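Asker: Could you have a look at this structure, given as structure tokens, before my questions?
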2 protein chains.
Amino acid sequence: MLQYQPLDVAFQALSDPGRRAMVERLSQGPASVSELARPLPMTLSAVVQHLQVLEAAGLVKSQKVGRVRTCSLEIGAIARIEGWIAERRRFWDQQYDQLEAYLAETAPQEPDR
Amino acid sequence: MLQYQPLDVAFQALSDPGRRAMVERLSQGPASVSELARPLPMTLSAVVQHLQVLEAAGLVKSQKVGRVRTCSLEIGAIARIEGWIAERRRFWDQQYDQLEAYLAETAPQEPDR
DNA sequence: TAAACACTTAAGTCAATGCTACAGTATCAG
DNA sequence: CTGATACTGTAGCATTGACTTAAGTGTTTA
């Protein structure tokens with residue numbers, strides 16, 4: 001009974017420069033598949049496949065009206081990554097603070113010159 | 001002339017649950033290779049390989065004293081990811097604010113009902 | 001109705017990943 | 001000096017990933 005791990009797919013999705021470029025574009029507002037593809041050096045087919053990865057990761061959502069699919073950013077997955085990073089930083093900062101406190105306590109004489 | 005892309009390797013490194021577990025451990029303080037390996041369901045060899053990925057991504061640094069290699073977190077790579085994410089969120093929030101402003105302007109009559 | 005558009009799907013190729021097993025190489029402890 | 005520790009390095013192998021080409025499927029436009 002495997003548990004679905006959102007962070008795995010989200011980080012994986014963002015590891016590709018082409019997919020990050022799409023997310024960068026979408027962070028400024030919705031776009032069609034062709035618009036996303038235009039600046040990228042690959043076939044439309046490849047772009048569609050990248051888009052599927054982004055959607056599976058929950059980073060992007062899309063809906064089709066007529067023959068145009070409009071894509072937009074899903075902030076939820078971004079927020080989960082933000083959360084994980086923030087937790088790491090919290091522990092790291094805490095550890096750093098403890099080091100500082102330790103140094104202040106063991107050598108409170110004076111800063112070295 | 002290819003440019004080295006730190007975000008690619010950093011995101012890629014964090015997409016693996018085992019490697020994330022190591023980073024989680026290291027965010028609480030330094031650890032030896034064996035300590036990192038203990039909770040993980042894989043051989044020490046595999047752990048060393050994951051560690052190489054993390055070091056190449058700039059997420060972890062290590063030094064060997066005697067026969068023990070001690071690993072610790074490098075906050076720099078984490079900070080670069082934080083920066084990229086923060087930028088996306090900034091654009092997204094801005095876009096959201098504009099939508100709110102637009103709605104407030106076009107329908108300032110009253111909330112529905 | 002015919003052509004152009006905007007995707008969509010399916011194969012197939014080739015490189016990169018995530019392991020394991022196995023064989024080392026330096027320490028360190030007695 | 002001998003054995004246990006703590007890694008290290010290399011093959012080999014199965015899987016996954018990032019494309020491409022080629023052949024569709026609905027929608028609009030002329």
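By convention here, the chains of the structure tokens are called A, B, ... in the order presented, each chain's residues are numbered starting at 1, and ligands are numbered starting at 1 in the order presented.
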Residues near segment 22-28 of chain A, anyone? I mean within 6 Å using only C-alpha atoms (C1' of nucleotides), not counting same-chain ones fewer than 2 positions away, as a ChimeraX atom specification.

Answerer: /A:19-20,30,72-73 /B:88,91-92

Asker: Print the selection's residues with all heavy atoms to a file, as a PDB file, in the first residue's frame.

Answerer:
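The resulting file, result-v1.pdb, is shown below:
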ATOM      1  N   ARG A  19      10.583  22.655 -18.264  1.00  0.00           N
ATOM      2  CA  ARG A  19       9.379  22.709 -17.416  1.00  0.00           C
ATOM      3  C   ARG A  19       9.423  23.915 -16.490  1.00  0.00           C
ATOM      4  O   ARG A  19       8.397  24.553 -16.238  1.00  0.00           O
ATOM      5  CB  ARG A  19       9.225  21.408 -16.628  1.00  0.00           C
ATOM      6  CG  ARG A  19       8.667  20.279 -17.489  1.00  0.00           C
ATOM      7  CD  ARG A  19       8.258  19.074 -16.666  1.00  0.00           C
ATOM      8  NE  ARG A  19       9.353  18.486 -15.914  1.00  0.00           N
ATOM      9  CZ  ARG A  19       9.932  17.323 -16.220  1.00  0.00           C
ATOM     10  NH1 ARG A  19       9.536  16.623 -17.262  1.00  0.00           N
ATOM     11  NH2 ARG A  19      10.901  16.857 -15.474  1.00  0.00           N
ATOM     12  N   ARG A  20      10.614  24.249 -15.972  1.00  0.00           N
ATOM     13  CA  ARG A  20      10.703  25.443 -15.131  1.00  0.00           C
ATOM     14  C   ARG A  20      10.364  26.683 -15.939  1.00  0.00           C
ATOM     15  O   ARG A  20       9.670  27.579 -15.452  1.00  0.00           O
ATOM     16  CB  ARG A  20      12.097  25.573 -14.512  1.00  0.00           C
ATOM     17  CG  ARG A  20      12.225  24.855 -13.179  1.00  0.00           C
ATOM     18  CD  ARG A  20      13.344  25.434 -12.316  1.00  0.00           C
ATOM     19  NE  ARG A  20      14.552  25.715 -13.044  1.00  0.00           N
ATOM     20  CZ  ARG A  20      15.441  24.818 -13.426  1.00  0.00           C
ATOM     21  NH1 ARG A  20      15.256  23.542 -13.124  1.00  0.00           N
ATOM     22  NH2 ARG A  20      16.521  25.175 -14.091  1.00  0.00           N
ATOM     23  N   PRO A  30      -2.064  32.933 -17.165  1.00  0.00           N
ATOM     24  CA  PRO A  30      -2.409  31.762 -17.977  1.00  0.00           C
ATOM     25  C   PRO A  30      -1.861  31.858 -19.399  1.00  0.00           C
ATOM     26  O   PRO A  30      -1.597  32.952 -19.891  1.00  0.00           O
ATOM     27  CB  PRO A  30      -3.944  31.797 -17.988  1.00  0.00           C
ATOM     28  CG  PRO A  30      -4.331  32.584 -16.787  1.00  0.00           C
ATOM     29  CD  PRO A  30      -3.250  33.612 -16.640  1.00  0.00           C
ATOM     30  N   SER A  72      -2.768  27.128 -16.357  1.00  0.00           N
ATOM     31  CA  SER A  72      -2.442  28.114 -15.328  1.00  0.00           C
ATOM     32  C   SER A  72      -1.748  27.432 -14.158  1.00  0.00           C
ATOM     33  O   SER A  72      -1.820  26.221 -13.987  1.00  0.00           O
ATOM     34  CB  SER A  72      -3.706  28.838 -14.875  1.00  0.00           C
ATOM     35  OG  SER A  72      -4.683  27.905 -14.484  1.00  0.00           O
ATOM     36  N   LEU A  73      -1.080  28.248 -13.355  1.00  0.00           N
ATOM     37  CA  LEU A  73      -0.302  27.736 -12.232  1.00  0.00           C
ATOM     38  C   LEU A  73      -1.207  27.310 -11.081  1.00  0.00           C
ATOM     39  O   LEU A  73      -2.185  27.987 -10.771  1.00  0.00           O
ATOM     40  CB  LEU A  73       0.648  28.845 -11.772  1.00  0.00           C
ATOM     41  CG  LEU A  73       1.865  28.416 -10.966  1.00  0.00           C
ATOM     42  CD1 LEU A  73       2.791  27.593 -11.836  1.00  0.00           C
ATOM     43  CD2 LEU A  73       2.605  29.647 -10.459  1.00  0.00           C
TER      44      LEU A  73
ATOM     45  N   ARG B  88       8.519  33.117  -8.155  1.00  0.00           N
ATOM     46  CA  ARG B  88       7.248  32.612  -8.755  1.00  0.00           C
ATOM     47  C   ARG B  88       6.071  33.108  -7.931  1.00  0.00           C
ATOM     48  O   ARG B  88       5.085  33.568  -8.470  1.00  0.00           O
ATOM     49  CB  ARG B  88       7.210  31.082  -8.760  1.00  0.00           C
ATOM     50  CG  ARG B  88       8.119  30.362  -9.720  1.00  0.00           C
ATOM     51  CD  ARG B  88       8.331  31.091 -11.005  1.00  0.00           C
ATOM     52  NE  ARG B  88       9.709  31.514 -11.088  1.00  0.00           N
ATOM     53  CZ  ARG B  88      10.100  32.619 -11.680  1.00  0.00           C
ATOM     54  NH1 ARG B  88       9.260  33.451 -12.236  1.00  0.00           N
ATOM     55  NH2 ARG B  88      11.390  32.910 -11.714  1.00  0.00           N
ATOM     56  N   PHE B  91       5.222  36.819  -8.495  1.00  0.00           N
ATOM     57  CA  PHE B  91       4.450  37.059  -9.710  1.00  0.00           C
ATOM     58  C   PHE B  91       3.012  36.585  -9.544  1.00  0.00           C
ATOM     59  O   PHE B  91       2.073  37.255  -9.939  1.00  0.00           O
ATOM     60  CB  PHE B  91       5.086  36.329 -10.903  1.00  0.00           C
ATOM     61  CG  PHE B  91       6.256  37.051 -11.479  1.00  0.00           C
ATOM     62  CD1 PHE B  91       7.511  36.457 -11.536  1.00  0.00           C
ATOM     63  CD2 PHE B  91       6.106  38.346 -11.982  1.00  0.00           C
ATOM     64  CE1 PHE B  91       8.587  37.129 -12.079  1.00  0.00           C
ATOM     65  CE2 PHE B  91       7.189  39.018 -12.529  1.00  0.00           C
ATOM     66  CZ  PHE B  91       8.434  38.412 -12.577  1.00  0.00           C
ATOM     67  N   TRP B  92       2.866  35.404  -8.943  1.00  0.00           N
ATOM     68  CA  TRP B  92       1.530  34.817  -8.824  1.00  0.00           C
ATOM     69  C   TRP B  92       0.657  35.688  -7.920  1.00  0.00           C
ATOM     70  O   TRP B  92      -0.492  35.965  -8.257  1.00  0.00           O
ATOM     71  CB  TRP B  92       1.640  33.394  -8.259  1.00  0.00           C
ATOM     72  CG  TRP B  92       0.366  32.633  -8.382  1.00  0.00           C
ATOM     73  CD1 TRP B  92      -0.051  31.900  -9.458  1.00  0.00           C
ATOM     74  CD2 TRP B  92      -0.669  32.529  -7.410  1.00  0.00           C
ATOM     75  NE1 TRP B  92      -1.268  31.359  -9.210  1.00  0.00           N
ATOM     76  CE2 TRP B  92      -1.689  31.715  -7.966  1.00  0.00           C
ATOM     77  CE3 TRP B  92      -0.845  33.034  -6.119  1.00  0.00           C
ATOM     78  CZ2 TRP B  92      -2.855  31.396  -7.266  1.00  0.00           C
ATOM     79  CZ3 TRP B  92      -2.012  32.722  -5.427  1.00  0.00           C
ATOM     80  CH2 TRP B  92      -2.998  31.913  -6.004  1.00  0.00           C
TER      81      TRP B  92
END

Asker: Please produce, as JSON lines, a per-residue contact table for chain D versus chain B (criterion: any atom at most 9 Å away, only C-alpha atoms (C1' of nucleotides) considered), showing the nearest atom pair and its distance in Å to one decimal, sorted by chain then residue number.

Answerer:
{"residue": "D:DT5", "atom": "C1'", "partner": "B:Arg67", "partner_atom": "CA", "distance": 8.1}
{"residue": "D:DA6", "atom": "C1'", "partner": "B:Arg67", "partner_atom": "CA", "distance": 5.6}
{"residue": "D:DC7", "atom": "C1'", "partner": "B:Arg67", "partner_atom": "CA", "distance": 7.0}
{"residue": "D:DT8", "atom": "C1'", "partner": "B:Ser45", "partner_atom": "CA", "distance": 8.3}

Asker: All in-order C-alpha pairs, least squares, chain A moved onto chain B. Output the fitted coordinates as a CSV table (one decimal) with C-alpha atoms, in the first residue's frame, please.

Answerer:
chain,number,residue,atom,x,y,z
A,1,MET,CA,29.6,26.6,-24.1
A,2,LEU,CA,27.0,25.3,-21.7
A,3,GLN,CA,26.1,27.2,-18.6
A,4,TYR,CA,26.0,25.3,-15.3
A,5,GLN,CA,22.5,25.2,-14.0
A,6,PRO,CA,22.4,24.8,-10.2
A,7,LEU,CA,18.6,24.6,-10.0
A,8,ASP,CA,18.5,21.6,-12.3
A,9,VAL,CA,20.7,19.4,-10.1
A,10,ALA,CA,19.3,20.8,-6.8
A,11,PHE,CA,15.7,20.0,-7.7
A,12,GLN,CA,16.7,16.7,-9.2
A,13,ALA,CA,18.6,15.8,-6.0
A,14,LEU,CA,15.6,16.6,-3.8
A,15,SER,CA,13.2,14.5,-6.0
A,16,ASP,CA,14.4,11.3,-4.4
A,17,PRO,CA,12.8,10.4,-1.0
A,18,GLY,CA,16.0,8.8,0.3
A,19,ARG,CA,18.0,11.9,-0.5
A,20,ARG,CA,15.4,14.1,1.0
A,21,ALA,CA,15.5,11.9,4.2
A,22,MET,CA,19.3,12.5,4.3
A,23,VAL,CA,18.8,16.3,4.0
A,24,GLU,CA,16.1,16.2,6.7
A,25,ARG,CA,18.5,14.4,9.0
A,26,LEU,CA,21.3,16.8,8.2
A,27,SER,CA,19.1,19.9,8.7
A,28,GLN,CA,19.2,18.9,12.4
A,29,GLY,CA,23.0,18.7,12.5
A,30,PRO,CA,26.0,16.9,11.0
A,31,ALA,CA,26.1,13.1,10.7
A,32,SER,CA,28.5,10.4,9.4
A,33,VAL,CA,27.7,8.3,6.3
A,34,SER,CA,26.8,5.3,8.4
A,35,GLU,CA,24.4,7.4,10.6
A,36,LEU,CA,22.7,8.6,7.4
A,37,ALA,CA,22.5,5.1,6.1
A,38,ARG,CA,21.1,3.4,9.2
A,39,PRO,CA,17.4,4.3,8.8
A,40,LEU,CA,17.4,3.8,5.0
A,41,PRO,CA,16.5,0.5,3.3
A,42,MET,CA,19.5,0.3,1.0
A,43,THR,CA,23.2,-0.6,1.0
A,44,LEU,CA,25.8,1.7,2.2
A,45,SER,CA,27.1,1.8,-1.4
A,46,ALA,CA,23.8,3.3,-2.5
A,47,VAL,CA,23.9,5.9,0.2
A,48,VAL,CA,27.4,7.0,-0.8
A,49,GLN,CA,26.1,7.4,-4.3
A,50,HIS,CA,23.2,9.5,-3.2
A,51,LEU,CA,25.6,11.6,-1.1
A,52,GLN,CA,27.6,12.3,-4.2
A,53,VAL,CA,24.5,13.6,-5.9
A,54,LEU,CA,23.7,15.8,-3.0
A,55,GLU,CA,27.3,17.2,-2.9
A,56,ALA,CA,27.3,17.8,-6.6
A,57,ALA,CA,24.1,19.7,-6.2
A,58,GLY,CA,25.8,21.8,-3.5
A,59,LEU,CA,23.2,20.7,-0.9
A,60,VAL,CA,25.7,18.9,1.3
A,61,LYS,CA,29.3,19.2,2.2
A,62,SER,CA,31.5,16.7,3.9
A,63,GLN,CA,35.0,16.1,5.3
A,64,LYS,CA,36.8,13.0,6.2
A,65,VAL,CA,38.7,12.7,9.5
A,66,GLY,CA,40.3,9.3,10.1
A,67,ARG,CA,37.9,6.8,8.6
A,68,VAL,CA,34.8,8.8,9.3
A,69,ARG,CA,33.2,11.2,6.8
A,70,THR,CA,31.1,13.8,8.5
A,71,CYS,CA,28.4,15.4,6.3
A,72,SER,CA,26.5,18.7,6.9
A,73,LEU,CA,23.9,20.8,5.1
A,74,GLU,CA,24.9,23.6,2.8
A,75,ILE,CA,22.3,26.2,3.1
A,76,GLY,CA,23.3,28.0,-0.1
A,77,ALA,CA,21.6,25.6,-2.6
A,78,ILE,CA,18.5,25.6,-0.4
A,79,ALA,CA,18.5,29.4,-0.5
A,80,ARG,CA,18.7,29.4,-4.4
A,81,ILE,CA,15.6,27.2,-4.5
A,82,GLU,CA,13.9,29.4,-2.0
A,83,GLY,CA,14.7,32.3,-4.2
A,84,TRP,CA,13.3,30.8,-7.4
A,85,ILE,CA,10.1,29.7,-5.6
A,86,ALA,CA,9.7,33.2,-4.0
A,87,GLU,CA,10.0,34.8,-7.4
A,88,ARG,CA,7.2,32.6,-8.8
A,89,ARG,CA,5.0,33.3,-5.8
A,90,ARG,CA,5.6,37.0,-6.2
A,91,PHE,CA,4.4,37.0,-9.8
A,92,TRP,CA,1.5,34.7,-8.9
A,93,ASP,CA,0.4,36.9,-5.9
A,94,GLN,CA,0.6,40.0,-8.1
A,95,GLN,CA,-1.6,38.4,-10.7
A,96,TYR,CA,-4.1,37.4,-8.0
A,97,ASP,CA,-4.1,40.9,-6.6
A,98,GLN,CA,-4.8,42.3,-10.1
A,99,LEU,CA,-7.7,40.0,-10.4
A,100,GLU,CA,-9.1,41.1,-7.1
A,101,ALA,CA,-8.7,44.7,-8.0
A,102,TYR,CA,-10.5,44.1,-11.4
A,103,LEU,CA,-13.4,42.3,-9.7
A,104,ALA,CA,-13.7,45.1,-7.1
A,105,GLU,CA,-13.8,47.7,-9.9
A,106,THR,CA,-16.2,46.0,-12.3
A,107,ALA,CA,-18.7,44.9,-9.6
A,108,PRO,CA,-18.5,47.2,-6.7
A,109,GLN,CA,-22.2,47.1,-6.1
A,110,GLU,CA,-22.3,44.5,-3.3
A,111,PRO,CA,-21.1,41.0,-2.5
A,112,ASP,CA,-23.6,38.4,-3.8
A,113,ARG,CA,-26.0,38.3,-0.9

Asker: So that I can see what lies close to DA29 of chain C, please list as a PDB file with N, CA and C atoms (P, O5', C5', C4', C3', O3' and C1' of nucleotides), in the first residue's frame the residues with an atom at most 12 Å from it, counting only C-alpha atoms (C1' of nucleotides) and leaving out residues fewer than 6 positions away in the same chain.

Answerer:
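See result-v4.pdb below for the written result:
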ATOM      1  P    DT D   2      49.116 -11.515  11.274  1.00  0.00           P
ATOM      2  O5'  DT D   2      47.963 -12.059  12.248  1.00  0.00           O
ATOM      3  C5'  DT D   2      47.627 -11.315  13.401  1.00  0.00           C
ATOM      4  C4'  DT D   2      46.114 -11.233  13.553  1.00  0.00           C
ATOM      5  C3'  DT D   2      45.286 -11.448  12.296  1.00  0.00           C
ATOM      6  O3'  DT D   2      44.120 -12.157  12.686  1.00  0.00           O
ATOM      7  C1'  DT D   2      44.964  -9.227  13.086  1.00  0.00           C
ATOM      8  P    DG D   3      42.945 -12.608  11.698  1.00  0.00           P
ATOM      9  O5'  DG D   3      41.760 -11.649  12.151  1.00  0.00           O
ATOM     10  C5'  DG D   3      41.419 -11.568  13.539  1.00  0.00           C
ATOM     11  C4'  DG D   3      40.518 -10.380  13.766  1.00  0.00           C
ATOM     12  C3'  DG D   3      39.322 -10.311  12.816  1.00  0.00           C
ATOM     13  O3'  DG D   3      38.165  -9.996  13.605  1.00  0.00           O
ATOM     14  C1'  DG D   3      40.487  -8.256  12.769  1.00  0.00           C
ATOM     15  P    DA D   4      36.704 -10.158  12.961  1.00  0.00           P
ATOM     16  O5'  DA D   4      36.147  -8.677  13.147  1.00  0.00           O
ATOM     17  C5'  DA D   4      36.107  -8.129  14.454  1.00  0.00           C
ATOM     18  C4'  DA D   4      36.039  -6.625  14.376  1.00  0.00           C
ATOM     19  C3'  DA D   4      34.805  -6.088  13.629  1.00  0.00           C
ATOM     20  O3'  DA D   4      34.274  -5.015  14.398  1.00  0.00           O
ATOM     21  C1'  DA D   4      36.774  -5.131  12.738  1.00  0.00           C
ATOM     22  P    DT D   5      32.730  -4.502  14.161  1.00  0.00           P
ATOM     23  O5'  DT D   5      32.947  -3.027  13.608  1.00  0.00           O
ATOM     24  C5'  DT D   5      34.219  -2.673  13.162  1.00  0.00           C
ATOM     25  C4'  DT D   5      34.406  -1.183  13.098  1.00  0.00           C
ATOM     26  C3'  DT D   5      33.305  -0.422  12.386  1.00  0.00           C
ATOM     27  O3'  DT D   5      33.316   0.921  12.866  1.00  0.00           O
ATOM     28  C1'  DT D   5      35.230  -0.518  11.000  1.00  0.00           C
TER      29       DT D   5
END

Asker: Select from chain C every residue with an atom at most 10 Å from any atom of chain A, then for each give the shortest pair of atoms and their distance in Å to one decimal, using only C-alpha atoms (C1' of nucleotides), rows by chain and rising number, as a tab-separated table.

Answerer:
residue	atom	partner	partner_atom	distance
C:DC5	C1'	A:Arg67	CA	8.1
C:DA6	C1'	A:Arg67	CA	5.5
C:DC7	C1'	A:Arg67	CA	7.0
C:DT8	C1'	A:Ser45	CA	8.3
C:DT9	C1'	A:Ser45	CA	9.5

Asker: Could you write those residues out with all heavy atoms, as an mmCIF file, in the first residue's frame?

Answerer:
data_model
loop_
_atom_site.group_PDB
_atom_site.id
_atom_site.type_symbol
_atom_site.label_atom_id
_atom_site.label_comp_id
_atom_site.auth_asym_id
_atom_site.auth_seq_id
_atom_site.Cartn_x
_atom_site.Cartn_y
_atom_site.Cartn_z
ATOM 1 P P DC C 5 -2.595 28.149 -40.407
ATOM 2 O OP1 DC C 5 -2.416 29.605 -40.355
ATOM 3 O OP2 DC C 5 -1.473 27.242 -40.791
ATOM 4 O "O5'" DC C 5 -3.124 27.697 -38.977
ATOM 5 C "C5'" DC C 5 -4.425 27.240 -38.877
ATOM 6 C "C4'" DC C 5 -4.952 27.269 -37.467
ATOM 7 O "O4'" DC C 5 -5.818 26.116 -37.348
ATOM 8 C "C3'" DC C 5 -3.916 27.126 -36.362
ATOM 9 O "O3'" DC C 5 -4.395 27.817 -35.220
ATOM 10 C "C2'" DC C 5 -3.832 25.611 -36.163
ATOM 11 C "C1'" DC C 5 -5.263 25.158 -36.477
ATOM 12 N N1 DC C 5 -5.384 23.838 -37.144
ATOM 13 C C2 DC C 5 -6.410 22.970 -36.734
ATOM 14 O O2 DC C 5 -7.165 23.340 -35.825
ATOM 15 N N3 DC C 5 -6.546 21.764 -37.327
ATOM 16 C C4 DC C 5 -5.721 21.413 -38.313
ATOM 17 N N4 DC C 5 -5.901 20.222 -38.873
ATOM 18 C C5 DC C 5 -4.669 22.277 -38.765
ATOM 19 C C6 DC C 5 -4.534 23.473 -38.149
ATOM 20 P P DA C 6 -3.468 28.104 -33.933
ATOM 21 O OP1 DA C 6 -3.982 29.332 -33.300
ATOM 22 O OP2 DA C 6 -2.047 27.979 -34.310
ATOM 23 O "O5'" DA C 6 -3.843 26.885 -32.977
ATOM 24 C "C5'" DA C 6 -5.106 26.878 -32.323
ATOM 25 C "C4'" DA C 6 -5.202 25.640 -31.449
ATOM 26 O "O4'" DA C 6 -5.384 24.505 -32.306
ATOM 27 C "C3'" DA C 6 -3.930 25.356 -30.630
ATOM 28 O "O3'" DA C 6 -4.293 24.878 -29.344
ATOM 29 C "C2'" DA C 6 -3.238 24.281 -31.430
ATOM 30 C "C1'" DA C 6 -4.443 23.513 -31.945
ATOM 31 N N9 DA C 6 -4.189 22.656 -33.095
ATOM 32 C C8 DA C 6 -3.271 22.829 -34.092
ATOM 33 N N7 DA C 6 -3.269 21.868 -34.989
ATOM 34 C C5 DA C 6 -4.259 21.002 -34.558
ATOM 35 C C6 DA C 6 -4.747 19.789 -35.068
ATOM 36 N N6 DA C 6 -4.297 19.216 -36.176
ATOM 37 N N1 DA C 6 -5.751 19.175 -34.385
ATOM 38 C C2 DA C 6 -6.206 19.754 -33.272
ATOM 39 N N3 DA C 6 -5.824 20.903 -32.691
ATOM 40 C C4 DA C 6 -4.839 21.481 -33.397
ATOM 41 P P DC C 7 -3.213 24.911 -28.144
ATOM 42 O OP1 DC C 7 -3.945 24.535 -26.937
ATOM 43 O OP2 DC C 7 -2.413 26.144 -28.207
ATOM 44 O "O5'" DC C 7 -2.249 23.695 -28.542
ATOM 45 C "C5'" DC C 7 -2.264 22.471 -27.806
ATOM 46 C "C4'" DC C 7 -3.415 21.585 -28.266
ATOM 47 O "O4'" DC C 7 -3.274 21.382 -29.689
ATOM 48 C "C3'" DC C 7 -3.374 20.211 -27.617
ATOM 49 O "O3'" DC C 7 -4.645 19.871 -27.090
ATOM 50 C "C2'" DC C 7 -3.028 19.268 -28.761
ATOM 51 C "C1'" DC C 7 -3.534 20.022 -29.973
ATOM 52 N N1 DC C 7 -2.828 19.637 -31.225
ATOM 53 C C2 DC C 7 -3.253 18.488 -31.903
ATOM 54 O O2 DC C 7 -4.188 17.822 -31.462
ATOM 55 N N3 DC C 7 -2.618 18.132 -33.042
ATOM 56 C C4 DC C 7 -1.614 18.871 -33.519
ATOM 57 N N4 DC C 7 -1.027 18.478 -34.642
ATOM 58 C C5 DC C 7 -1.165 20.049 -32.835
ATOM 59 C C6 DC C 7 -1.796 20.388 -31.703
ATOM 60 P P DT C 8 -4.711 18.871 -25.823
ATOM 61 O OP1 DT C 8 -6.082 18.896 -25.274
ATOM 62 O OP2 DT C 8 -3.556 19.147 -24.957
ATOM 63 O "O5'" DT C 8 -4.479 17.446 -26.521
ATOM 64 C "C5'" DT C 8 -5.484 16.929 -27.392
ATOM 65 C "C4'" DT C 8 -5.121 15.533 -27.841
ATOM 66 O "O4'" DT C 8 -4.279 15.592 -29.015
ATOM 67 C "C3'" DT C 8 -4.376 14.649 -26.829
ATOM 68 O "O3'" DT C 8 -5.151 13.477 -26.667
ATOM 69 C "C2'" DT C 8 -3.018 14.393 -27.478
ATOM 70 C "C1'" DT C 8 -3.344 14.552 -28.953
ATOM 71 N N1 DT C 8 -2.241 14.963 -29.857
ATOM 72 C C2 DT C 8 -2.030 14.203 -30.985
ATOM 73 O O2 DT C 8 -2.652 13.203 -31.259
ATOM 74 N N3 DT C 8 -1.019 14.676 -31.804
ATOM 75 C C4 DT C 8 -0.242 15.802 -31.601
ATOM 76 O O4 DT C 8 0.612 16.114 -32.418
ATOM 77 C C5 DT C 8 -0.517 16.546 -30.390
ATOM 78 C C7 DT C 8 0.274 17.761 -30.077
ATOM 79 C C6 DT C 8 -1.493 16.092 -29.585
ATOM 80 P P DT C 9 -4.799 12.389 -25.530
ATOM 81 O OP1 DT C 9 -6.089 11.952 -24.961
ATOM 82 O OP2 DT C 9 -3.724 12.904 -24.662
ATOM 83 O "O5'" DT C 9 -4.202 11.179 -26.378
ATOM 84 C "C5'" DT C 9 -4.754 10.854 -27.650
ATOM 85 C "C4'" DT C 9 -3.877 9.805 -28.311
ATOM 86 O "O4'" DT C 9 -2.908 10.445 -29.179
ATOM 87 C "C3'" DT C 9 -3.100 8.924 -27.333
ATOM 88 O "O3'" DT C 9 -3.435 7.585 -27.635
ATOM 89 C "C2'" DT C 9 -1.632 9.283 -27.602
ATOM 90 C "C1'" DT C 9 -1.656 9.820 -29.031
ATOM 91 N N1 DT C 9 -0.645 10.843 -29.397
ATOM 92 C C2 DT C 9 -0.032 10.763 -30.631
ATOM 93 O O2 DT C 9 -0.263 9.872 -31.431
ATOM 94 N N3 DT C 9 0.869 11.764 -30.903
ATOM 95 C C4 DT C 9 1.210 12.812 -30.079
ATOM 96 O O4 DT C 9 2.037 13.647 -30.447
ATOM 97 C C5 DT C 9 0.542 12.845 -28.790
ATOM 98 C C7 DT C 9 0.850 13.937 -27.833
ATOM 99 C C6 DT C 9 -0.338 11.869 -28.525
#

Asker: Write down as a list in words the residues of chain B whose backbone DSSP state falls under strand (DSSP E).

Answerer: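 Going through chain B, the strand (DSSP E) residues come out as Ala31, Ser32, Val60, Lys61, Ser62, Gln63, Lys64, Val65, Val68, Arg69, Thr70, Cys71, Ser72 and Leu73 of chain B.
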
Asker: Write a file of the selected residues as a compact mmCIF listing (two decimals), in the first residue's frame, keeping C-alpha atoms.

Answerer:
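The result, stored in again-v4.txt:
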# COMPACT_ATOMS: atom_id res chain seq x y z
CA ALA B 31 26.20 13.12 10.65
CA SER B 32 28.51 10.38 9.43
CA VAL B 60 25.70 18.86 1.30
CA LYS B 61 29.38 19.17 2.11
CA SER B 62 31.58 16.64 3.86
CA GLN B 63 35.06 16.07 5.20
CA LYS B 64 36.85 12.94 6.18
CA VAL B 65 38.72 12.64 9.47
CA VAL B 68 34.82 8.72 9.27
CA ARG B 69 33.29 11.11 6.76
CA THR B 70 31.15 13.76 8.43
CA CYS B 71 28.45 15.38 6.31
CA SER B 72 26.61 18.63 6.85
CA LEU B 73 24.02 20.74 5.10

Asker: Fewer than 3 positions away in the same chain doesn't count, so skip those; otherwise give me all residues within 12 Å of DA14 of chain D, counting only C-alpha atoms (C1' of nucleotides), as a list in words.

Answerer: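 Listed by chain and then number, they are DT17, DG18, DC19 and DT20 of chain C.
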
Asker: Those same residues, written as a PDB file, in the first residue's frame with C-alpha atoms (C1' of nucleotides)?

Answerer:
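Printed below is selection_0.pdb as written:
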ATOM      1  C1'  DT C  17      19.060   6.789 -12.702  1.00  0.00           C
ATOM      2  C1'  DG C  18      18.781   3.801  -8.780  1.00  0.00           C
ATOM      3  C1'  DC C  19      19.965   0.132  -7.240  1.00  0.00           C
ATOM      4  C1'  DT C  20      22.925  -4.441  -5.960  1.00  0.00           C
TER       5       DT C  20
END

Asker: Suppose you want the space between atom C1' of DG12 of chain C and atom C1' of DA11 of chain D; what is it in Å?

Answerer: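 Separating atom C1' of DG12 of chain C from atom C1' of DA11 of chain D is a distance of 27.8 Å.
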
Asker: Can you work out the spacing between atom C1' of DC22 of chain C and atom C1' of DT16 of chain D in Å, to one decimal?

Answerer: 25.8 Å

Asker: Can you measure atom C1' of DG12 of chain D to atom C1' of DA23 of chain C for me? One decimal in Å is fine.

Answerer: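 Computing it gives 14.2 Å between the two atoms.
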